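What follows is the content of structure06.pdb, which has PDB, C-alpha atoms:
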ATOM      1  CA  MET I   1      -4.642 -24.392   4.727
ATOM      2  CA  ASN I   2      -7.652 -25.738   2.855
ATOM      3  CA  LEU I   3      -5.370 -27.741   0.550
ATOM      4  CA  GLY I   4      -3.535 -29.348   3.452
ATOM      5  CA  LEU I   5      -0.300 -28.282   5.092
ATOM      6  CA  GLN I   6       2.692 -28.577   2.793
ATOM      7  CA  TYR I   7       4.992 -30.051   5.439
ATOM      8  CA  PRO I   8       6.027 -33.602   6.265
ATOM      9  CA  GLU I   9       4.817 -35.333   9.418
ATOM     10  CA  ALA I  10       6.290 -34.286  12.763
ATOM     11  CA  SER I  11       7.713 -30.989  11.480
ATOM     12  CA  PHE I  12       6.766 -28.662  14.349
ATOM     13  CA  ASP I  13       6.613 -28.406  18.134
ATOM     14  CA  PHE I  14       3.905 -25.729  18.083
ATOM     15  CA  VAL I  15       1.168 -24.600  15.723
ATOM     16  CA  SER I  16      -0.939 -21.523  16.468
ATOM     17  CA  GLY I  17      -4.061 -20.359  14.655
ATOM     18  CA  ARG I  18      -6.028 -17.243  15.526
ATOM     19  CA  PHE I  19      -9.297 -16.001  14.047
ATOM     20  CA  LEU I  20      -9.219 -18.260  11.011
ATOM     21  CA  ALA I  21     -12.979 -18.744  10.744
ATOM     22  CA  GLY I  22     -13.150 -16.639   7.594
ATOM     23  CA  GLY I  23     -10.428 -18.534   5.789
ATOM     24  CA  ILE I  24     -10.759 -22.209   6.630
ATOM     25  CA  THR I  25     -13.565 -24.099   4.964
ATOM     26  CA  ASP I  26     -13.065 -27.411   6.783
ATOM     27  CA  PHE I  27     -11.919 -26.962  10.367
ATOM     28  CA  PRO I  28     -11.861 -30.669  11.337
ATOM     29  CA  ALA I  29      -9.649 -31.489   8.334
ATOM     30  CA  THR I  30      -7.329 -28.586   9.133
ATOM     31  CA  ILE I  31      -6.977 -29.668  12.758
ATOM     32  CA  ARG I  32      -6.180 -33.202  11.630
ATOM     33  CA  GLU I  33      -3.477 -31.740   9.404
ATOM     34  CA  ILE I  34      -2.057 -29.800  12.341
ATOM     35  CA  TYR I  35      -2.001 -33.029  14.348
ATOM     36  CA  ARG I  36      -0.080 -34.700  11.534
ATOM     37  CA  VAL I  37       2.653 -32.063  11.342
ATOM     38  CA  LEU I  38       3.218 -31.837  15.111
ATOM     39  CA  THR I  39       5.993 -33.891  16.627
ATOM     40  CA  GLY I  40       3.926 -35.934  19.045
ATOM     41  CA  THR I  41       2.456 -36.541  22.468
ATOM     42  CA  GLY I  42       4.190 -34.698  25.268
ATOM     43  CA  THR I  43       6.448 -32.704  22.990
ATOM     44  CA  SER I  44       4.185 -30.384  21.031
ATOM     45  CA  TRP I  45       1.229 -28.045  21.285
ATOM     46  CA  ILE I  46      -1.620 -26.673  19.265
ATOM     47  CA  GLN I  47      -3.149 -23.304  20.094
ATOM     48  CA  MET I  48      -6.406 -22.202  18.471
ATOM     49  CA  THR I  49      -8.427 -19.059  19.175
ATOM     50  CA  GLU I  50     -11.778 -18.147  17.643
ATOM     51  CA  LEU I  51     -14.443 -15.564  18.486
ATOM     52  CA  ARG I  52     -18.182 -15.819  18.855
ATOM     53  CA  PRO I  53     -19.350 -12.799  16.850
ATOM     54  CA  ALA I  54     -22.297 -11.619  18.963
ATOM     55  CA  LEU I  55     -21.729  -8.459  21.003
ATOM     56  CA  LEU I  56     -22.596  -9.099  24.647
ATOM     57  CA  CYS I  57     -23.126  -6.689  27.512
ATOM     58  CA  ASP I  58     -23.517  -7.654  31.163
ATOM     59  CA  ASP I  59     -24.296  -4.296  32.742
ATOM     60  CA  GLY I  60     -27.142  -3.126  30.507
ATOM     61  CA  SER I  61     -25.115  -0.177  29.251
ATOM     62  CA  ILE I  62     -25.840  -0.941  25.571
ATOM     63  CA  PRO I  63     -29.487  -0.987  24.458
ATOM     64  CA  GLN I  64     -30.486  -3.897  22.247
ATOM     65  CA  SER I  65     -31.599  -1.322  19.669
ATOM     66  CA  ALA I  66     -28.067   0.107  19.312
ATOM     67  CA  ALA I  67     -26.516  -0.291  15.877
ATOM     68  CA  CYS I  68     -23.515  -2.104  17.333
ATOM     69  CA  MET I  69     -25.803  -4.763  18.858
ATOM     70  CA  ARG I  70     -27.906  -5.265  15.726
ATOM     71  CA  TRP I  71     -25.392  -5.497  12.890
ATOM     72  CA  PRO I  72     -23.929  -8.926  13.787
ATOM     73  CA  ASN I  73     -27.354 -10.439  13.047
ATOM     74  CA  ILE I  74     -26.919  -9.508   9.384
ATOM     75  CA  PHE I  75     -23.863 -11.711   8.932
ATOM     76  CA  PHE I  76     -23.642 -14.247  11.736
ATOM     77  CA  THR I  77     -27.167 -15.550  12.325
ATOM     78  CA  PRO I  78     -28.070 -18.831  10.582
ATOM     79  CA  GLY I  79     -30.700 -18.146   7.952
ATOM     80  CA  SER I  80     -29.323 -14.675   7.256
ATOM     81  CA  ILE I  81     -27.336 -13.469   4.251
ATOM     82  CA  GLY I  82     -24.430 -14.957   6.189
ATOM     83  CA  ASN I  83     -25.447 -18.393   4.903
ATOM     84  CA  ALA I  84     -24.363 -17.409   1.396
ATOM     85  CA  LEU I  85     -21.260 -15.597   2.642
ATOM     86  CA  GLY I  86     -20.135 -18.410   4.927
ATOM     87  CA  THR I  87     -20.128 -16.094   7.939
ATOM     88  CA  ALA I  88     -23.210 -17.636   9.570
ATOM     89  CA  ARG I  89     -21.064 -20.581  10.673
ATOM     90  CA  PHE I  90     -18.544 -18.443  12.611
ATOM     91  CA  ASP I  91     -20.432 -18.841  15.884
ATOM     92  CA  GLU I  92     -20.526 -22.634  15.756
ATOM     93  CA  ILE I  93     -16.843 -22.792  14.802
ATOM     94  CA  ALA I  94     -15.838 -21.327  18.167
ATOM     95  CA  ILE I  95     -18.300 -23.509  20.045
ATOM     96  CA  ASN I  96     -17.284 -26.731  18.297
ATOM     97  CA  LEU I  97     -13.542 -26.187  18.243
ATOM     98  CA  ARG I  98     -12.868 -28.071  21.457
ATOM     99  CA  ALA I  99     -14.666 -31.187  20.233
ATOM    100  CA  GLN I 100     -12.875 -31.013  16.904
ATOM    101  CA  VAL I 101      -9.472 -30.726  18.567
ATOM    102  CA  GLN I 102     -10.265 -33.771  20.695
ATOM    103  CA  ALA I 103     -11.627 -35.714  17.723
ATOM    104  CA  ALA I 104      -8.353 -35.159  15.873
ATOM    105  CA  GLY I 105      -6.557 -37.080  18.620
ATOM    106  CA  PHE I 106      -5.175 -34.339  20.825
ATOM    107  CA  VAL I 107      -5.095 -34.983  24.552
ATOM    108  CA  ASP I 108      -4.904 -32.653  27.570
ATOM    109  CA  VAL I 109      -7.172 -30.201  25.784
ATOM    110  CA  ARG I 110      -7.833 -27.100  27.878
ATOM    111  CA  GLU I 111     -10.460 -24.595  26.870
ATOM    112  CA  TYR I 112     -10.512 -21.002  28.084
ATOM    113  CA  ILE I 113     -13.396 -18.681  27.322
ATOM    114  CA  ASP I 114     -12.472 -15.022  27.804
ATOM    115  CA  ARG I 115     -14.149 -11.695  27.246
ATOM    116  CA  ALA I 116     -12.658  -9.684  24.394
ATOM    117  CA  PRO I 117     -13.603  -6.015  24.883
ATOM    118  CA  VAL I 118     -15.171  -4.110  22.005
ATOM    119  CA  GLY I 119     -14.776  -0.428  22.724
ATOM    120  CA  ASN I 120     -14.549   0.312  26.425
ATOM    121  CA  TRP I 121     -14.511  -1.757  29.570
ATOM    122  CA  ASN I 122     -16.568  -0.737  32.560
ATOM    123  CA  ALA I 123     -14.070   1.264  34.659
ATOM    124  CA  GLY I 124     -14.885  -0.830  37.726
ATOM    125  CA  ASN I 125     -14.376  -4.061  35.823
ATOM    126  CA  MET I 126     -11.282  -3.472  33.714
ATOM    127  CA  PHE I 127      -9.936  -6.986  33.822
ATOM    128  CA  PRO I 128     -12.802  -9.379  34.431
ATOM    129  CA  GLU I 129     -11.912 -12.950  35.149
ATOM    130  CA  SER I 130     -12.231 -15.509  32.437
ATOM    131  CA  VAL I 131     -15.784 -16.596  31.819
ATOM    132  CA  SER I 132     -14.689 -20.169  32.263
ATOM    133  CA  SER I 133     -11.846 -22.568  31.869
ATOM    134  CA  LYS I 134     -11.893 -26.332  31.864
TER     135      LYS I 134
ATOM    136  CA  MET U 135     -11.273  -5.278  18.398
ATOM    137  CA  ALA U 136     -13.519  -2.414  17.334
ATOM    138  CA  GLN U 137     -11.139  -1.463  14.525
ATOM    139  CA  GLY U 138     -11.152  -5.012  13.225
ATOM    140  CA  LEU U 139     -14.939  -5.142  13.206
ATOM    141  CA  LEU U 140     -15.170  -1.785  11.443
ATOM    142  CA  GLY U 141     -12.714  -3.094   8.874
ATOM    143  CA  PHE U 142     -14.940  -6.120   8.330
ATOM    144  CA  LEU U 143     -17.957  -3.853   7.831
ATOM    145  CA  ASP U 144     -16.043  -1.698   5.382
ATOM    146  CA  ALA U 145     -15.105  -4.787   3.383
ATOM    147  CA  MET U 146     -18.769  -5.820   3.367
ATOM    148  CA  ARG U 147     -20.158  -2.534   2.066
ATOM    149  CA  ALA U 148     -21.556  -4.150  -1.066
ATOM    150  CA  VAL U 149     -23.509  -6.644   1.036
ATOM    151  CA  LEU U 150     -24.715  -3.923   3.380
ATOM    152  CA  GLU U 151     -25.982  -1.902   0.430
ATOM    153  CA  GLN U 152     -28.243  -4.828  -0.448
ATOM    154  CA  VAL U 153     -29.575  -4.817   3.106
ATOM    155  CA  TYR U 154     -29.942  -1.077   3.646
ATOM    156  CA  GLY U 155     -30.721   0.003   0.099
ATOM    157  CA  SER U 156     -28.177   2.697  -0.567
ATOM    158  CA  ARG U 157     -24.604   3.747  -0.045
ATOM    159  CA  ALA U 158     -25.744   6.708   2.048
ATOM    160  CA  ALA U 159     -27.733   4.421   4.347
ATOM    161  CA  VAL U 160     -24.683   2.179   4.791
ATOM    162  CA  ASP U 161     -22.516   5.189   5.602
ATOM    163  CA  ASN U 162     -25.068   6.209   8.209
ATOM    164  CA  VAL U 163     -25.217   2.750   9.827
ATOM    165  CA  ILE U 164     -21.446   2.357   9.909
ATOM    166  CA  GLY U 165     -21.223   5.828  11.410
ATOM    167  CA  GLN U 166     -23.643   4.811  14.156
ATOM    168  CA  ILE U 167     -21.647   1.655  14.864
ATOM    169  CA  ARG U 168     -18.378   3.603  14.998
ATOM    170  CA  HIS U 169     -20.021   6.042  17.394
ATOM    171  CA  ASP U 170     -21.278   3.154  19.560
ATOM    172  CA  TYR U 171     -17.825   1.583  19.794
ATOM    173  CA  ALA U 172     -16.354   4.916  20.859
ATOM    174  CA  ASN U 173     -19.036   5.510  23.474
ATOM    175  CA  PRO U 174     -17.290   5.366  26.881
ATOM    176  CA  ASN U 175     -20.578   4.389  28.529
ATOM    177  CA  TYR U 176     -21.014   1.272  26.390
ATOM    178  CA  HIS U 177     -19.315  -1.836  27.761
ATOM    179  CA  GLY U 178     -19.556  -4.631  25.249
ATOM    180  CA  TYR U 179     -17.508  -7.734  24.669
ATOM    181  CA  MET U 180     -17.285 -10.833  22.541
ATOM    182  CA  LEU U 181     -16.497 -14.315  23.768
ATOM    183  CA  MET U 182     -13.099 -15.617  22.744
ATOM    184  CA  TYR U 183     -12.550 -19.389  22.810
ATOM    185  CA  GLU U 184      -8.951 -20.405  23.337
ATOM    186  CA  PHE U 185      -7.281 -23.783  23.392
ATOM    187  CA  PRO U 186      -3.834 -22.964  24.677
ATOM    188  CA  ARG U 187      -2.523 -26.466  24.862
ATOM    189  CA  ALA U 188      -3.201 -29.940  23.790
ATOM    190  CA  PHE U 189      -1.376 -33.062  22.720
TER     191      PHE U 189
END
What would the structure in this file look like if it were written as structure tokens?
Amino acid sequence: MNLGLQYPEASFDFVSGRFLAGGITDFPATIREIYRVLTGTGTSWIQMTELRPALLCDDGSIPQSAACMRWPNIFFTPGSIGNALGTARFDEIAINLRAQVQAAGFVDVREYIDRAPVGNWNAGNMFPESVSSK
Amino acid sequence: MAQGLLGFLDAMRAVLEQVYGSRAAVDNVIGQIRHDYANPNYHGYMLMYEFPRAF
């Protein structure tokens, strides 16, 4: 992906990418490449999914001191060892993806932000609604 | 999701040893994290950004 997509223009109706933050070094360039290989307005789609790495908890069930809450800071916080590993940028990749998709020329961009459970859901809240969509 | 994160941590053991000082300390931390993820009283989540359609 980082060397460009080895396909001619207008090769595909649909391109999907999931959790590629660890492999792509230049997301805007990759999205522009995806735009190039799609067939065109009204006939093709891109689908991208990325995670924000922080563990969140709405009901106070996980103390901030828990190991599962603390370890993401080692890799995903700017200024951490994650700077050298490239993992500190994972959070901003998810946040900036919408703008990058739009900047590449895509239209009708729809963003959905969902909760991805880590471990167990609260039994009374098994399928919470999306955090947002726009 | 938890399995994927534990796999990431396992792959990063060398880095974690720099942070925690020893292999035994890393084993202990990863054990705590595994225990946390399996705790039925813990309800954590990550935010997943999706762009299901465009163009």
Tell me, counting all atoms listed in the file, for each residue of chain I within 7 Å of chain U, which pair of atoms is nearest and how far apart they are in Å to one decimal, in rows ordered by chain and increasing number, as JSON lines.
{"residue": "I:Thr41", "atom": "CA", "partner": "U:Phe189", "partner_atom": "CA", "distance": 5.2}
{"residue": "I:Gly42", "atom": "CA", "partner": "U:Phe189", "partner_atom": "CA", "distance": 6.3}
{"residue": "I:Ser44", "atom": "CA", "partner": "U:Phe189", "partner_atom": "CA", "distance": 6.4}
{"residue": "I:Trp45", "atom": "CA", "partner": "U:Arg187", "partner_atom": "CA", "distance": 5.4}
{"residue": "I:Ile46", "atom": "CA", "partner": "U:Arg187", "partner_atom": "CA", "distance": 5.7}
{"residue": "I:Gln47", "atom": "CA", "partner": "U:Pro186", "partner_atom": "CA", "distance": 4.6}
{"residue": "I:Met48", "atom": "CA", "partner": "U:Phe185", "partner_atom": "CA", "distance": 5.2}
{"residue": "I:Thr49", "atom": "CA", "partner": "U:Glu184", "partner_atom": "CA", "distance": 4.4}
{"residue": "I:Glu50", "atom": "CA", "partner": "U:Tyr183", "partner_atom": "CA", "distance": 5.4}
{"residue": "I:Leu51", "atom": "CA", "partner": "U:Met182", "partner_atom": "CA", "distance": 4.5}
{"residue": "I:Arg52", "atom": "CA", "partner": "U:Leu181", "partner_atom": "CA", "distance": 5.4}
{"residue": "I:Pro53", "atom": "CA", "partner": "U:Met180", "partner_atom": "CA", "distance": 6.4}
{"residue": "I:Ala54", "atom": "CA", "partner": "U:Met180", "partner_atom": "CA", "distance": 6.2}
{"residue": "I:Leu55", "atom": "CA", "partner": "U:Met180", "partner_atom": "CA", "distance": 5.3}
{"residue": "I:Leu56", "atom": "CA", "partner": "U:Tyr179", "partner_atom": "CA", "distance": 5.3}
{"residue": "I:Cys57", "atom": "CA", "partner": "U:Gly178", "partner_atom": "CA", "distance": 4.7}
{"residue": "I:Ser61", "atom": "CA", "partner": "U:Tyr176", "partner_atom": "CA", "distance": 5.2}
{"residue": "I:Ile62", "atom": "CA", "partner": "U:Tyr176", "partner_atom": "CA", "distance": 5.4}
{"residue": "I:Ala67", "atom": "CA", "partner": "U:Ile167", "partner_atom": "CA", "distance": 5.3}
{"residue": "I:Cys68", "atom": "CA", "partner": "U:Ile167", "partner_atom": "CA", "distance": 4.9}
{"residue": "I:Ala94", "atom": "CA", "partner": "U:Tyr183", "partner_atom": "CA", "distance": 6.0}
{"residue": "I:Phe106", "atom": "CA", "partner": "U:Phe189", "partner_atom": "CA", "distance": 4.4}
{"residue": "I:Val107", "atom": "CA", "partner": "U:Phe189", "partner_atom": "CA", "distance": 4.6}
{"residue": "I:Asp108", "atom": "CA", "partner": "U:Ala188", "partner_atom": "CA", "distance": 5.0}
{"residue": "I:Val109", "atom": "CA", "partner": "U:Ala188", "partner_atom": "CA", "distance": 4.5}
{"residue": "I:Arg110", "atom": "CA", "partner": "U:Phe185", "partner_atom": "CA", "distance": 5.6}
{"residue": "I:Glu111", "atom": "CA", "partner": "U:Phe185", "partner_atom": "CA", "distance": 4.8}
{"residue": "I:Tyr112", "atom": "CA", "partner": "U:Glu184", "partner_atom": "CA", "distance": 5.0}
{"residue": "I:Ile113", "atom": "CA", "partner": "U:Tyr183", "partner_atom": "CA", "distance": 4.6}
{"residue": "I:Asp114", "atom": "CA", "partner": "U:Met182", "partner_atom": "CA", "distance": 5.1}
{"residue": "I:Arg115", "atom": "CA", "partner": "U:Leu181", "partner_atom": "CA", "distance": 4.9}
{"residue": "I:Ala116", "atom": "CA", "partner": "U:Met180", "partner_atom": "CA", "distance": 5.1}
{"residue": "I:Pro117", "atom": "CA", "partner": "U:Tyr179", "partner_atom": "CA", "distance": 4.3}
{"residue": "I:Val118", "atom": "CA", "partner": "U:Tyr179", "partner_atom": "CA", "distance": 5.1}
{"residue": "I:Gly119", "atom": "CA", "partner": "U:Tyr171", "partner_atom": "CA", "distance": 4.7}
{"residue": "I:Asn120", "atom": "CA", "partner": "U:His177", "partner_atom": "CA", "distance": 5.4}
{"residue": "I:Trp121", "atom": "CA", "partner": "U:His177", "partner_atom": "CA", "distance": 5.1}
{"residue": "I:Asn122", "atom": "CA", "partner": "U:His177", "partner_atom": "CA", "distance": 5.6}
For region 20-35 of chain I, list every protein, DNA or RNA residue within 8 Å, evaluated using all atoms listed in the file, and leave out those in the same chain fewer than 4 positions away; present the list as a list in words. Met1, Asn2, Gly4, Leu5, Val15, Ile46, Glu50, Gly86, Thr87, Phe90, Ile93, Gln100, Val101, Ala104, Gly105 and Phe106 of chain I
Suppose you want the space between CA of Ile74 (chain I) and CA of Tyr154 (chain U); what is it in Å? 10.6 Å
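Pairwise distance (CA of Pro72 (chain I), CA of Ala88 (chain I)) equals 9.7 Å.
One distance worth recording is that between CA of Phe12 (chain I) and CA of Thr39 (chain I), which is 5.8 Å.
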Taking into account only C-alpha atoms, which residue in the set I:Phe76, I:Gly82, I:Trp71, I:Glu92 is nearest to Val160 (chain U)? I:Trp71
Centre, edges in Å (one decimal): axis-aligned box, region 150-167 of chain U, 3 Å padding on all six sides, as JSON:
{"center_x": -26.0, "center_y": 0.9, "center_z": 7.1, "size_x": 15.5, "size_y": 17.5, "size_z": 21.4}
Filled-in N, CA and C atoms of region 150-166 of chain U, supplied as a compact mmCIF listing (two decimals), in the frame of the given file:
# COMPACT_ATOMS: atom_id res chain seq x y z
N LEU U 150 -23.89 -4.82 2.57
CA LEU U 150 -24.72 -3.92 3.38
C LEU U 150 -25.61 -3.04 2.51
N GLU U 151 -25.14 -2.71 1.32
CA GLU U 151 -25.98 -1.90 0.43
C GLU U 151 -27.22 -2.68 0.00
N GLN U 152 -27.07 -4.01 -0.14
CA GLN U 152 -28.24 -4.83 -0.45
C GLN U 152 -29.24 -4.81 0.71
N VAL U 153 -28.72 -4.77 1.92
CA VAL U 153 -29.58 -4.82 3.11
C VAL U 153 -30.24 -3.47 3.36
N TYR U 154 -29.44 -2.41 3.26
CA TYR U 154 -29.94 -1.08 3.65
C TYR U 154 -30.41 -0.23 2.46
N GLY U 155 -30.12 -0.65 1.25
CA GLY U 155 -30.72 0.00 0.10
C GLY U 155 -29.91 1.06 -0.60
N SER U 156 -28.96 1.65 0.09
CA SER U 156 -28.18 2.70 -0.57
C SER U 156 -26.83 2.87 0.13
N ARG U 157 -25.92 3.48 -0.61
CA ARG U 157 -24.60 3.75 -0.04
C ARG U 157 -24.70 4.73 1.12
N ALA U 158 -25.58 5.71 0.98
CA ALA U 158 -25.74 6.71 2.05
C ALA U 158 -26.26 6.05 3.32
N ALA U 159 -27.19 5.11 3.17
CA ALA U 159 -27.73 4.42 4.35
C ALA U 159 -26.65 3.59 5.03
N VAL U 160 -25.78 2.97 4.22
CA VAL U 160 -24.68 2.18 4.79
C VAL U 160 -23.71 3.09 5.53
N ASP U 161 -23.40 4.22 4.93
CA ASP U 161 -22.52 5.19 5.60
C ASP U 161 -23.10 5.59 6.95
N ASN U 162 -24.40 5.79 6.98
CA ASN U 162 -25.07 6.21 8.21
C ASN U 162 -24.99 5.11 9.27
N VAL U 163 -25.24 3.87 8.87
CA VAL U 163 -25.22 2.75 9.83
C VAL U 163 -23.80 2.54 10.36
N ILE U 164 -22.83 2.55 9.46
CA ILE U 164 -21.45 2.36 9.91
C ILE U 164 -21.03 3.51 10.83
N GLY U 165 -21.50 4.69 10.53
CA GLY U 165 -21.22 5.83 11.41
C GLY U 165 -21.81 5.63 12.80
N GLN U 166 -23.02 5.10 12.86
CA GLN U 166 -23.64 4.81 14.16
C GLN U 166 -22.84 3.77 14.93
